[in-house]
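**Student:** File follows, entry_30.txt with compact mmCIF, C-alpha atoms:
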```
# COMPACT_ATOMS: atom_id res chain seq x y z
CA MET A 1 -22.93 -1.84 -24.74
CA HIS A 2 -19.39 -1.70 -26.12
CA ASP A 3 -18.67 -1.14 -29.79
CA LYS A 4 -15.76 -2.81 -31.53
CA LYS A 5 -13.47 0.08 -30.59
CA GLY A 6 -14.06 -0.74 -26.94
CA TYR A 7 -16.00 2.26 -25.71
CA VAL A 8 -19.36 2.18 -23.92
CA LYS A 9 -22.07 3.61 -26.12
CA PHE A 10 -24.70 6.01 -24.83
CA THR A 11 -27.93 4.31 -25.92
CA LYS A 12 -31.45 5.61 -26.54
CA GLN A 13 -32.57 3.90 -23.32
CA MET A 14 -29.86 5.72 -21.38
CA LYS A 15 -31.24 9.07 -22.58
CA SER A 16 -34.37 8.49 -20.51
CA ASP A 17 -32.82 7.33 -17.24
CA TYR A 18 -29.16 8.49 -17.11
CA VAL A 19 -27.79 11.77 -15.80
CA ILE A 20 -25.09 13.33 -18.00
CA LEU A 21 -22.37 15.34 -16.24
CA ALA A 22 -20.69 18.27 -18.06
CA PRO A 23 -17.43 19.94 -16.97
CA ASP A 24 -17.38 23.56 -15.81
CA MET A 25 -15.65 25.13 -18.83
CA LEU A 26 -17.73 28.25 -19.47
CA PRO A 27 -20.09 28.63 -16.49
CA MET A 28 -22.51 31.20 -17.96
CA HIS A 29 -22.52 29.78 -21.49
CA PHE A 30 -22.96 26.20 -20.35
CA LYS A 31 -25.98 27.08 -18.19
CA LEU A 32 -27.82 28.18 -21.33
CA ILE A 33 -26.39 25.40 -23.50
CA LEU A 34 -27.38 22.74 -20.98
CA CYS A 35 -30.84 24.27 -20.65
CA VAL A 36 -31.32 23.82 -24.41
CA LEU A 37 -30.18 20.20 -24.15
CA GLN A 38 -32.44 19.55 -21.16
CA ASN A 39 -35.39 20.70 -23.23
CA GLU A 40 -34.34 18.15 -25.87
CA GLY A 41 -34.88 15.39 -23.31
CA TYR A 42 -31.34 15.03 -21.93
CA ASN A 43 -30.95 14.92 -18.15
CA ILE A 44 -27.73 16.89 -18.13
CA GLU A 45 -26.06 18.74 -15.24
CA LEU A 46 -23.24 21.27 -15.06
CA LEU A 47 -20.61 20.32 -12.49
CA GLU A 48 -19.89 23.25 -10.22
CA ASN A 49 -17.66 21.51 -7.69
CA ASN A 50 -14.47 23.55 -7.59
CA ASP A 51 -12.68 22.20 -4.54
CA SER A 52 -8.93 22.70 -4.30
CA SER A 53 -8.60 18.90 -4.21
CA ILE A 54 -9.69 18.54 -7.87
CA PRO A 55 -6.15 18.82 -9.37
CA GLU A 56 -4.90 16.24 -6.86
CA THR A 57 -7.74 13.89 -7.77
CA GLY A 58 -6.99 14.31 -11.46
CA LEU A 59 -3.31 13.54 -10.91
CA ARG A 60 -4.20 10.23 -9.24
CA TYR A 61 -5.68 8.97 -12.49
CA VAL A 62 -3.74 10.87 -15.19
CA HIS A 63 -0.03 10.99 -15.92
CA ASN A 64 1.50 14.15 -14.45
CA ASP A 65 2.81 15.17 -17.88
CA THR A 66 -0.78 15.52 -19.12
CA CYS A 67 -1.97 19.07 -19.76
CA TYR A 68 -3.51 20.96 -16.86
CA PRO A 69 -7.03 21.32 -18.37
CA ALA A 70 -7.26 17.53 -18.81
CA ILE A 71 -6.18 17.01 -15.20
CA LEU A 72 -8.91 19.40 -14.03
CA VAL A 73 -11.68 17.95 -16.19
CA ILE A 74 -10.90 14.39 -15.12
CA GLY A 75 -10.48 15.43 -11.49
CA GLN A 76 -13.85 17.20 -11.53
CA PHE A 77 -15.57 14.21 -13.15
CA LEU A 78 -14.12 11.70 -10.68
CA GLU A 79 -14.80 13.82 -7.61
CA ALA A 80 -18.44 14.09 -8.68
CA ILE A 81 -18.74 10.34 -9.26
CA LYS A 82 -17.03 9.51 -5.98
CA SER A 83 -19.16 12.00 -4.03
CA GLY A 84 -22.07 9.57 -3.76
CA LYS A 85 -24.46 12.07 -5.33
CA TYR A 86 -24.70 10.08 -8.56
CA ASP A 87 -25.31 6.39 -9.26
CA PRO A 88 -22.32 5.21 -11.34
CA ASN A 89 -24.62 2.75 -13.09
CA LYS A 90 -26.92 5.57 -14.22
CA THR A 91 -24.35 8.25 -15.03
CA ALA A 92 -22.69 9.37 -18.27
CA LEU A 93 -20.08 12.04 -18.96
CA ILE A 94 -19.85 14.50 -21.86
CA MET A 95 -16.80 16.23 -23.33
CA PHE A 96 -16.93 19.06 -25.84
CA GLN A 97 -14.50 18.57 -28.75
CA THR A 98 -13.58 20.45 -31.92
CA GLY A 99 -11.85 17.53 -33.64
CA GLY A 100 -8.46 19.23 -33.90
CA GLY A 101 -5.14 18.29 -32.38
CA CYS A 102 -4.25 17.55 -28.76
CA ARG A 103 -7.08 18.08 -26.25
CA ALA A 104 -9.66 18.58 -28.97
CA SER A 105 -9.46 14.89 -29.95
CA ASN A 106 -7.67 13.04 -27.17
CA TYR A 107 -9.54 13.94 -24.00
CA ILE A 108 -12.15 11.25 -24.50
CA SER A 109 -9.57 8.44 -24.40
CA LEU A 110 -7.85 10.03 -21.37
CA ILE A 111 -11.18 10.22 -19.53
CA ARG A 112 -11.95 6.57 -20.34
CA LYS A 113 -8.53 5.42 -19.13
CA ALA A 114 -9.01 7.35 -15.88
CA LEU A 115 -12.49 5.88 -15.38
CA ALA A 116 -11.17 2.36 -15.92
CA LYS A 117 -8.35 2.97 -13.45
CA ALA A 118 -10.88 4.19 -10.88
CA GLY A 119 -13.16 1.19 -11.47
CA TYR A 120 -15.86 2.98 -13.48
CA GLU A 121 -15.22 1.59 -16.96
CA ASN A 122 -18.97 1.05 -17.41
CA ILE A 123 -19.66 4.81 -17.53
CA PRO A 124 -20.32 6.10 -21.08
CA VAL A 125 -18.36 9.15 -22.27
CA ILE A 126 -20.13 11.17 -24.97
CA SER A 127 -18.20 13.19 -27.53
CA PHE A 128 -19.96 16.50 -28.25
CA SER A 129 -18.40 17.15 -31.64
CA LEU A 130 -19.54 18.43 -35.03
CA MET A 131 -16.81 16.31 -36.61
CA GLY A 132 -18.58 13.03 -35.88
CA LEU A 133 -15.63 11.63 -33.93
CA GLU A 134 -17.86 9.00 -32.33
CA LYS A 135 -21.38 7.66 -32.73
CA HIS A 136 -23.82 7.21 -29.87
CA PRO A 137 -27.40 6.01 -30.55
CA GLY A 138 -28.77 8.16 -27.71
CA TRP A 139 -26.95 11.35 -28.70
CA LYS A 140 -27.97 13.29 -31.81
CA LEU A 141 -27.16 16.84 -32.92
CA SER A 142 -29.79 18.03 -35.40
CA LEU A 143 -29.59 21.32 -37.32
CA PRO A 144 -32.48 22.89 -35.35
CA LEU A 145 -30.74 21.92 -32.11
CA LEU A 146 -27.41 23.35 -33.29
CA ARG A 147 -29.16 26.58 -34.22
CA LYS A 148 -30.60 26.92 -30.71
CA LEU A 149 -27.22 26.12 -29.17
CA LEU A 150 -25.54 28.82 -31.26
CA TYR A 151 -28.07 31.41 -30.17
CA ALA A 152 -27.47 30.35 -26.56
CA VAL A 153 -23.77 31.14 -27.11
CA PHE A 154 -24.61 34.55 -28.60
CA TYR A 155 -26.87 35.35 -25.64
CA ALA A 156 -24.25 34.34 -23.06
CA ASP A 157 -21.52 36.27 -24.89
CA LEU A 158 -23.66 39.41 -24.92
CA ILE A 159 -24.59 39.17 -21.24
CA LYS A 160 -20.97 38.54 -20.26
CA LEU A 161 -19.69 41.41 -22.42
CA LEU A 162 -22.11 43.97 -20.99
CA MET A 163 -21.87 42.73 -17.41
CA ASN A 164 -18.07 43.11 -17.51
CA GLN A 165 -18.48 46.71 -18.65
CA CYS A 166 -20.90 47.47 -15.80
CA ILE A 167 -19.52 45.74 -12.69
CA PRO A 168 -16.47 47.99 -12.03
CA TYR A 169 -18.55 51.16 -12.37
CA GLU A 170 -21.90 50.28 -10.79
CA ILE A 171 -23.20 52.69 -8.15
CA THR A 172 -25.02 49.97 -6.21
CA PRO A 173 -22.84 46.85 -5.77
CA GLY A 174 -24.56 43.75 -7.13
CA ASP A 175 -26.78 45.50 -9.70
CA SER A 176 -24.98 43.94 -12.66
CA VAL A 177 -24.98 40.40 -11.29
CA LYS A 178 -28.64 40.72 -10.34
CA LYS A 179 -29.42 41.91 -13.87
CA SER A 180 -27.45 39.00 -15.33
CA ASP A 181 -29.30 36.48 -13.16
CA GLU A 182 -32.67 37.94 -14.19
CA LEU A 183 -31.76 37.79 -17.87
CA MET A 184 -30.46 34.22 -17.62
CA LYS A 185 -33.72 33.17 -15.98
CA TYR A 186 -35.72 34.98 -18.67
CA LEU A 187 -33.79 33.24 -21.45
CA THR A 188 -33.87 29.77 -19.93
CA ASN A 189 -37.64 30.09 -19.50
CA GLY A 190 -38.05 31.22 -23.11
CA ILE A 191 -35.86 30.22 -26.04
CA ALA A 192 -34.81 26.79 -24.83
CA ASP A 193 -38.25 25.21 -24.78
CA ARG A 194 -39.37 26.20 -28.28
CA SER A 195 -38.92 23.93 -31.27
CA LEU A 196 -38.71 26.82 -33.74
CA ILE A 197 -37.22 30.25 -33.08
CA SER A 198 -37.70 33.24 -35.34
CA TYR A 199 -34.67 35.47 -35.80
CA ARG A 200 -36.90 38.49 -35.29
CA GLU A 201 -37.52 37.22 -31.75
CA ILE A 202 -33.81 36.59 -31.25
CA LYS A 203 -33.00 40.19 -32.18
CA LYS A 204 -35.69 41.44 -29.80
CA ASN A 205 -33.99 39.50 -27.04
CA PHE A 206 -30.61 41.00 -27.99
CA ILE A 207 -32.10 44.49 -27.73
CA TYR A 208 -33.80 43.62 -24.43
CA ILE A 209 -30.49 42.43 -22.94
CA ILE A 210 -28.69 45.60 -24.11
CA LYS A 211 -31.36 47.94 -22.74
CA GLU A 212 -31.50 46.12 -19.41
CA PHE A 213 -27.78 46.60 -18.84
CA ALA A 214 -27.95 50.17 -20.15
CA SER A 215 -30.40 50.87 -17.31
CA VAL A 216 -27.83 50.00 -14.61
CA PRO A 217 -26.70 53.25 -12.89
CA LEU A 218 -22.95 53.65 -13.37
CA LYS A 219 -20.20 55.97 -12.20
CA ARG A 220 -18.11 57.62 -14.89
CA GLU A 221 -14.52 57.12 -13.85
CA LYS A 222 -11.35 55.82 -15.37
CA LYS A 223 -10.29 52.24 -14.68
CA ILE A 224 -7.46 50.05 -15.88
CA LYS A 225 -8.78 47.74 -18.60
CA VAL A 226 -7.27 44.25 -18.57
CA GLY A 227 -7.84 41.72 -21.33
CA ILE A 228 -7.74 37.97 -20.75
CA VAL A 229 -6.58 35.64 -23.51
CA GLY A 230 -5.05 32.17 -23.66
CA GLU A 231 -6.00 28.51 -23.77
CA ILE A 232 -9.79 28.33 -23.96
CA PHE A 233 -10.43 26.30 -20.79
CA VAL A 234 -8.06 28.32 -18.61
CA LYS A 235 -9.23 31.61 -20.12
CA TYR A 236 -12.89 31.08 -19.24
CA SER A 237 -13.06 28.66 -16.31
CA PRO A 238 -12.68 30.08 -12.76
CA LEU A 239 -11.70 26.56 -11.67
CA ALA A 240 -8.72 26.65 -14.03
CA ASN A 241 -7.58 30.26 -13.62
CA ASN A 242 -7.99 30.61 -9.85
CA ASN A 243 -10.93 33.03 -10.21
CA LEU A 244 -8.87 35.44 -12.30
CA GLU A 245 -11.78 37.74 -13.17
CA ASP A 246 -12.75 38.20 -9.51
CA PHE A 247 -9.11 38.94 -8.64
CA LEU A 248 -8.86 41.63 -11.33
CA LEU A 249 -12.10 43.21 -10.08
CA ARG A 250 -10.69 43.28 -6.54
CA GLU A 251 -7.68 45.10 -7.95
CA GLY A 252 -9.97 47.76 -9.40
CA ALA A 253 -9.70 46.72 -13.05
CA GLU A 254 -12.28 46.32 -15.81
CA VAL A 255 -12.09 42.84 -17.33
CA VAL A 256 -12.23 42.57 -21.13
CA LEU A 257 -12.83 39.00 -22.24
CA PRO A 258 -13.03 38.09 -25.96
CA GLY A 259 -16.25 36.20 -26.68
CA PHE A 260 -16.72 32.46 -27.17
CA VAL A 261 -18.50 33.24 -30.45
CA ASP A 262 -15.09 34.14 -31.88
CA PHE A 263 -13.77 30.68 -31.05
CA CYS A 264 -16.79 29.08 -32.74
CA ILE A 265 -16.24 31.14 -35.91
CA TYR A 266 -12.50 30.41 -35.74
CA SER A 267 -13.21 26.66 -35.65
CA VAL A 268 -15.37 26.91 -38.78
CA TYR A 269 -12.92 29.22 -40.55
CA ASN A 270 -10.04 26.80 -40.00
CA GLY A 271 -11.83 24.27 -42.22
CA ILE A 272 -11.95 26.84 -45.01
CA VAL A 273 -8.24 27.60 -44.51
CA ASP A 274 -7.38 23.88 -44.66
CA ASN A 275 -9.03 23.67 -48.05
CA GLU A 276 -7.19 26.75 -49.31
CA LEU A 277 -3.78 25.69 -47.98
CA TYR A 278 -3.88 21.93 -48.46
CA GLY A 279 -6.77 21.26 -50.82
CA ILE A 280 -8.45 18.88 -48.37
CA ASN A 281 -12.16 18.37 -47.64
CA GLY A 282 -13.20 20.48 -50.61
CA PHE A 283 -16.65 18.86 -50.53
CA LEU A 284 -17.24 20.53 -47.14
CA LYS A 285 -16.32 24.01 -48.30
CA PRO A 286 -19.87 25.17 -49.27
CA ALA A 287 -21.23 24.10 -45.89
CA GLN A 288 -18.28 25.68 -44.07
CA LYS A 289 -18.67 28.92 -46.02
CA PHE A 290 -22.39 28.99 -45.23
CA ALA A 291 -21.74 28.41 -41.51
CA PHE A 292 -18.99 31.06 -41.49
CA ASP A 293 -21.18 33.68 -43.18
CA PHE A 294 -24.10 32.82 -40.89
CA LEU A 295 -22.06 33.30 -37.72
CA VAL A 296 -20.24 36.44 -38.92
CA ASN A 297 -23.49 38.09 -40.02
CA LYS A 298 -25.18 37.33 -36.71
CA GLN A 299 -22.18 38.75 -34.86
CA LYS A 300 -22.38 41.92 -36.95
CA ASP A 301 -26.08 42.20 -36.07
CA VAL A 302 -25.20 42.11 -32.38
CA ILE A 303 -22.49 44.73 -32.89
CA SER A 304 -24.93 47.04 -34.72
CA LEU A 305 -27.57 46.63 -32.00
CA ILE A 306 -25.06 47.45 -29.25
CA LYS A 307 -24.05 50.64 -31.09
CA GLU A 308 -27.67 51.59 -31.79
CA HIS A 309 -29.09 51.03 -28.31
CA SER A 310 -26.24 51.79 -25.90
CA ASP A 311 -22.84 53.35 -25.28
CA PHE A 312 -21.23 49.98 -24.55
CA ASP A 313 -18.12 48.90 -26.46
CA PRO A 314 -19.02 46.14 -28.95
CA PRO A 315 -16.74 43.25 -29.95
CA THR A 316 -14.60 43.50 -33.06
CA PRO A 317 -16.12 41.92 -36.20
CA PHE A 318 -14.43 38.57 -36.82
CA ASP A 319 -13.44 39.36 -40.41
CA GLN A 320 -11.48 42.29 -38.99
CA VAL A 321 -9.91 40.01 -36.36
CA ILE A 322 -8.70 37.78 -39.21
CA SER A 323 -7.01 40.68 -40.96
CA LEU A 324 -5.10 41.67 -37.80
CA CYS A 325 -2.97 38.53 -38.24
CA ASP A 326 -1.71 39.45 -41.70
CA GLY A 327 2.08 39.54 -41.67
CA VAL A 328 2.18 38.48 -38.01
CA ILE A 329 1.21 34.80 -37.85
CA GLY A 330 0.04 32.32 -40.50
CA LYS A 331 -3.55 31.09 -40.62
CA GLY A 332 -2.25 27.52 -40.78
CA VAL A 333 -1.14 27.82 -37.14
CA LYS A 334 -4.19 26.41 -35.37
CA MET A 335 -3.10 24.15 -32.49
CA GLY A 336 -3.41 25.45 -28.93
CA GLU A 337 -5.91 28.17 -30.00
CA GLY A 338 -3.47 28.95 -32.81
CA TRP A 339 -3.51 32.25 -34.64
CA LEU A 340 -6.68 33.30 -32.79
CA LEU A 341 -4.70 33.68 -29.56
CA THR A 342 -2.31 36.13 -31.23
CA ALA A 343 -5.21 37.84 -33.01
CA GLU A 344 -7.07 38.38 -29.74
CA MET A 345 -4.07 40.21 -28.27
CA LEU A 346 -3.98 42.42 -31.36
CA GLU A 347 -7.75 42.87 -31.15
CA LEU A 348 -7.48 44.06 -27.54
CA ASN A 349 -4.74 46.47 -28.58
CA GLU A 350 -7.04 47.85 -31.32
CA GLN A 351 -9.71 48.37 -28.64
CA ASN A 352 -7.16 50.38 -26.62
CA VAL A 353 -6.88 47.59 -24.04
CA LYS A 354 -3.12 47.68 -23.58
CA ASN A 355 -2.89 45.41 -20.52
CA ILE A 356 -3.28 41.70 -21.18
CA VAL A 357 -3.07 38.54 -19.07
CA CYS A 358 -2.15 35.56 -21.25
CA THR A 359 -3.25 32.37 -19.48
CA GLN A 360 -0.96 29.44 -20.26
CA PRO A 361 -1.69 25.91 -18.98
CA PHE A 362 1.02 23.39 -18.24
CA GLY A 363 1.43 20.78 -20.96
CA CYS A 364 0.13 22.78 -23.95
CA LEU A 365 3.24 23.62 -25.99
CA PRO A 366 1.33 25.00 -29.03
CA ASN A 367 -0.53 27.40 -26.76
CA HIS A 368 2.75 28.64 -25.27
CA ILE A 369 4.11 29.21 -28.79
CA CYS A 370 1.05 31.18 -29.96
CA GLY A 371 0.81 33.09 -26.68
CA LYS A 372 4.07 33.55 -24.81
CA GLY A 373 6.09 32.95 -27.96
CA MET A 374 4.37 35.84 -29.77
CA MET A 375 4.81 38.38 -26.97
CA LYS A 376 8.21 39.62 -28.16
CA PRO A 377 7.19 40.41 -31.78
CA LEU A 378 3.94 42.00 -30.55
CA LYS A 379 5.80 44.23 -28.10
CA GLU A 380 8.31 45.19 -30.78
CA SER A 381 5.54 46.32 -33.12
CA HIS A 382 3.38 47.78 -30.30
CA PRO A 383 5.76 49.17 -27.61
CA ASP A 384 2.90 50.37 -25.39
CA ILE A 385 1.31 46.92 -25.04
CA ASN A 386 1.66 45.40 -21.56
CA ILE A 387 1.40 41.58 -21.63
CA VAL A 388 2.06 39.17 -18.79
CA ALA A 389 2.01 35.40 -19.35
CA ILE A 390 0.75 33.43 -16.34
CA ASP A 391 1.37 29.69 -16.08
CA TYR A 392 -1.36 27.52 -14.57
CA ASP A 393 -0.69 24.00 -13.34
CA ALA A 394 -1.37 21.77 -10.37
CA SER A 395 1.76 22.89 -8.52
CA ALA A 396 1.67 26.61 -9.39
CA SER A 397 1.41 29.08 -6.51
CA LYS A 398 -1.68 31.27 -6.64
CA VAL A 399 0.21 33.93 -4.68
CA ASN A 400 2.99 34.03 -7.28
CA GLN A 401 0.44 34.26 -10.09
CA GLU A 402 -1.37 37.15 -8.44
CA ASN A 403 1.87 38.96 -7.57
CA ARG A 404 2.93 38.91 -11.22
CA ILE A 405 -0.44 40.34 -12.24
CA LYS A 406 -0.20 43.00 -9.52
CA LEU A 407 3.16 44.08 -10.94
CA MET A 408 1.60 44.37 -14.40
CA LEU A 409 -1.26 46.45 -12.94
CA SER A 410 1.19 48.67 -11.09
CA ASN A 411 2.99 49.40 -14.36
CA ALA A 412 -0.37 50.03 -16.05
CA ARG A 413 -1.45 52.52 -13.37
CA GLN A 414 1.87 54.32 -13.58
CA ALA A 415 1.61 54.60 -17.36
CA SER A 416 -2.00 55.85 -17.27
CA GLY A 417 -1.82 58.04 -14.19
CA ILE A 418 -4.54 56.11 -12.37
CA LYS A 419 -4.13 56.10 -8.59
CA ALA A 420 -3.56 52.95 -6.58
CA ILE A 421 -6.43 51.39 -4.64
CA THR A 422 -7.29 53.23 -1.40
CA GLU A 423 -9.03 52.02 1.77
CA THR A 424 -12.29 53.55 0.49
CA ASP A 425 -11.85 51.67 -2.77
CA ASN A 426 -11.25 48.45 -0.83
CA GLU A 427 -14.52 48.95 1.07
CA GLU A 428 -16.40 49.38 -2.21
CA ILE A 429 -14.71 46.31 -3.67
CA LYS A 430 -15.59 44.32 -0.53
CA ASN A 431 -19.25 45.30 -0.97
CA ARG A 432 -19.08 44.29 -4.62
CA GLU A 433 -17.51 40.91 -3.73
CA GLU A 434 -20.30 40.24 -1.24
CA ALA A 435 -22.84 41.06 -3.94
CA LEU A 436 -21.03 38.82 -6.43
CA SER A 437 -20.97 35.99 -3.88
CA PHE A 438 -24.66 36.44 -3.19
CA GLY A 439 -25.44 36.46 -6.92
```
Can you dump the structure from the file as structure tokens?
**Tutor:**
Amino acid sequence: MHDKKGYVKFTKQMKSDYVILAPDMLPMHFKLILCVLQNEGYNIELLENNDSSIPETGLRYVHNDTCYPAILVIGQFLEAIKSGKYDPNKTALIMFQTGGGCRASNYISLIRKALAKAGYENIPVISFSLMGLEKHPGWKLSLPLLRKLLYAVFYADLIKLLMNQCIPYEITPGDSVKKSDELMKYLTNGIADRSLISYREIKKNFIYIIKEFASVPLKREKKIKVGIVGEIFVKYSPLANNNLEDFLLREGAEVVLPGFVDFCIYSVYNGIVDNELYGINGFLKPAQKFAFDFLVNKQKDVISLIKEHSDFDPPTPFDQVISLCDGVIGKGVKMGEGWLLTAEMLELNEQNVKNIVCTQPFGCLPNHICGKGMMKPLKESHPDINIVAIDYDASASKVNQENRIKLMLSNARQASGIKAITETDNEEIKNREEALSFG
């Protein structure tokens, strides 16, 4: 069923007998998000194929000047379809969009062009967007569903935050991953299958997650803390960043990763800023203000609960993140993760995380401006900050990427007086890797 714009619509009938494939953007978050959608009647699967051939497959069907995340998403979709695991006549794809510039609006058309080139033009591509970019009779986002999806994001953010603070220090390798797996199973068996969720129950789950991680036996030792910022896909997806988090753990670092909740709040806040700067979409301002306050207040609840029930470091409240940009970068800069990318580097600095890897994908000029382009003024105002920008593209050498990060870590150890990794450390890291692989 094509509409007049030429795209295949996802119909109500398709909801009952099609499988929907989702790209591997945020592995932990998407497992909970997809569980919520499955309980709404969608047969949706997270693609976890991460073969080294994916970039090559993407390049066969996308122009090589296209941004690296698009190449990966399309490559992952097409490899899955060509694998024989799915019936192309009973398969749909879904892409998550914010409705902004570049990737946020144009991926859908790129995916459709690639499908047509590969001979799969009959496959529907669903736009998961709050902006109503496209209409599909079989795809509806109701307010109760959005509420459950938001809580899924809060849960995943909290688990990821606490797990990252445990893994480098755990006495028994694998404890943190085991705890994460148990909590994910608990949540998928609980919140996702209920039509109504009380916030009192949500807060109980927050406390339960915090206390479970607080029970993990940890060593008290000093580690290099390394923050990861950058383009959202490359920042979070192991497929896109060559398993950056695992590499940093092998190097004896603690990974500090700003939460996805911040990006959600940022997306809402940008609508408010547009109204203030340009006077557009004023009729949406009350709804945007309500959504912003809702998300910020829930984030502050999580922060308070972390402080009350543990010694873990909580995230920075988003209204404080906003203020960090004052006099540094304008709030109207919002392409390629925009002012949030700069703000996250300043946020990490405020948290005394002085070492930062800025992930930069090929083909995203705005992201390079807001990331690499802001490194000089940030270093001038904060001389002790240690930022390295790493480029990711289909032809980039993983060895070169890791060598640049190793140099940054070497400088960090020298500045902090932390010793280099020893053979004993390597044995512990090997045990931890085996536990991570098992988990």
**Student:** Between A:Ile232, A:Ile167, A:Leu158, A:Val177, which residue has the minimum interatomic distance to Asn205 in chain A, considering all atoms listed in the file?
**Tutor:**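 The answer is A:Leu158, which sits nearest to Asn205 in chain A.
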**Student:** Would you mind telling me which residue in A:Asp274, A:Tyr61, A:Pro173, A:Tyr151 lies nearest to Gly119 in chain A when using all atoms listed in the file?
**Tutor:**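 Counting all atoms listed in the file, the residue closest to Gly119 in chain A is A:Tyr61.
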**Student:** Of the residues A:Gly227, A:Gly336, A:Gly417, A:Gly330, which is the one nearest to Cys67 in chain A, using all atoms listed in the file?
**Tutor:**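 Using all atoms listed in the file, Cys67 in chain A sits closest to A:Gly336.
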**Student:** At a cut-off of 9 Å, can you tabulate as a Markdown table every residue of range 152-201 of chain A near range 297-314 of chain A together with its closest atom pair and the distance in Å to one decimal, using only C-alpha atoms and ordering rows by chain then number?
**Tutor:**
```
| residue | atom | partner | partner_atom | distance |
| --- | --- | --- | --- | --- |
| A:Phe154 | CA | A:Gln299 | CA | 7.9 |
| A:Leu158 | CA | A:Val302 | CA | 8.1 |
| A:Leu161 | CA | A:Pro314 | CA | 8.1 |
| A:Leu162 | CA | A:Phe312 | CA | 7.0 |
| A:Gln165 | CA | A:Phe312 | CA | 7.3 |
```
**Student:** Go ahead and save the picked residues with C-alpha atoms, as a PDB file, keeping the file's coordinate frame.
**Tutor:**
```
ATOM      1  CA  PHE A 154     -24.610  34.550 -28.600  1.00  0.00           C
ATOM      2  CA  LEU A 158     -23.660  39.410 -24.920  1.00  0.00           C
ATOM      3  CA  LEU A 161     -19.690  41.410 -22.420  1.00  0.00           C
ATOM      4  CA  LEU A 162     -22.110  43.970 -20.990  1.00  0.00           C
ATOM      5  CA  GLN A 165     -18.480  46.710 -18.650  1.00  0.00           C
TER       6      GLN A 165
END
```
**Student:** Record the distance separating CA of Leu46 in chain A and CA of Leu21 in chain A, expressed in Å with one decimal.
**Tutor:**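 Computing the Euclidean distance for CA of Leu46 in chain A and CA of Leu21 in chain A yields 6.1 Å.
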**Student:** Using only C-alpha atoms, which residue out of A:Thr172, A:Gln288, A:Ser198, A:Thr359 lies closest to Asn241 in chain A?
**Tutor:**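 That would be A:Thr359, the residue with the smallest distance to Asn241 in chain A.
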**Student:** Taking (-35.3, 13.9, -21.4) in the coordinates of the supplied file, I want to know which residues reach to within 12 Å of it, counting all atoms listed in the file; could you give the answer as a PDB file with C-alpha atoms, in the coordinates of the input?
**Tutor:**
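And here's selection01.pdb as it stands now:
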```
ATOM      1  CA  LYS A  12     -31.450   5.610 -26.540  1.00  0.00           C
ATOM      2  CA  GLN A  13     -32.570   3.900 -23.320  1.00  0.00           C
ATOM      3  CA  MET A  14     -29.860   5.720 -21.380  1.00  0.00           C
ATOM      4  CA  LYS A  15     -31.240   9.070 -22.580  1.00  0.00           C
ATOM      5  CA  SER A  16     -34.370   8.490 -20.510  1.00  0.00           C
ATOM      6  CA  ASP A  17     -32.820   7.330 -17.240  1.00  0.00           C
ATOM      7  CA  TYR A  18     -29.160   8.490 -17.110  1.00  0.00           C
ATOM      8  CA  VAL A  19     -27.790  11.770 -15.800  1.00  0.00           C
ATOM      9  CA  ILE A  20     -25.090  13.330 -18.000  1.00  0.00           C
ATOM     10  CA  LEU A  34     -27.380  22.740 -20.980  1.00  0.00           C
ATOM     11  CA  CYS A  35     -30.840  24.270 -20.650  1.00  0.00           C
ATOM     12  CA  VAL A  36     -31.320  23.820 -24.410  1.00  0.00           C
ATOM     13  CA  LEU A  37     -30.180  20.200 -24.150  1.00  0.00           C
ATOM     14  CA  GLN A  38     -32.440  19.550 -21.160  1.00  0.00           C
ATOM     15  CA  ASN A  39     -35.390  20.700 -23.230  1.00  0.00           C
ATOM     16  CA  GLU A  40     -34.340  18.150 -25.870  1.00  0.00           C
ATOM     17  CA  GLY A  41     -34.880  15.390 -23.310  1.00  0.00           C
ATOM     18  CA  TYR A  42     -31.340  15.030 -21.930  1.00  0.00           C
ATOM     19  CA  ASN A  43     -30.950  14.920 -18.150  1.00  0.00           C
ATOM     20  CA  ILE A  44     -27.730  16.890 -18.130  1.00  0.00           C
ATOM     21  CA  GLY A 138     -28.770   8.160 -27.710  1.00  0.00           C
ATOM     22  CA  TRP A 139     -26.950  11.350 -28.700  1.00  0.00           C
TER      23      TRP A 139
END
```
**Student:** Which value, in Å to one decimal, gives the distance between CA of Ile33 in chain A and CA of Phe294 in chain A?
**Tutor:**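 Interatomic distance here is 19.0 Å.
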**Student:** Fewer than 4 positions away in the same chain doesn't count, so skip those; otherwise give me all residues within 7 Å of Ala253 in chain A, counting all atoms listed in the file, as a ChimeraX atom specification.
**Tutor:** /A:168,223-226,248-249
**Student:** Just give me the gap between CA of Glu350 in chain A and CA of Glu380 in chain A in Å, one decimal is fine.
**Tutor:** 15.6 Å
**Student:** Find the spatial neighbours of Ile322 in chain A, counting only C-alpha atoms, within a cut-off of 12 Å - ignore same-chain residues fewer than 2 positions away - and output them as a list in words.
**Tutor:**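 My list of contacting residues is Asp262, Phe263, Ile265, Tyr266, Tyr269, Asn270, Val273, Val296, Thr316, Pro317, Phe318, Asp319, Gln320, Leu324, Cys325, Asp326, Gly327, Val328, Ile329, Gly330, Lys331, Trp339, Leu340, Leu341, Thr342, Ala343, Glu344, Leu346 and Glu347 of chain A.
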**Student:** Rank nothing, just name the residue among A:Ile197, A:Leu218, A:Ile171, A:Leu257 nearest to Ser237 in chain A, using all atoms listed in the file.
**Tutor:** A:Leu257
**Student:** Rank nothing, just name the residue among A:Arg220, A:Lys179, A:Arg404, A:Lys354 nearest to Tyr208 in chain A, using all atoms listed in the file.
**Tutor:**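 For Tyr208 in chain A, the nearest of the candidates is A:Lys179.
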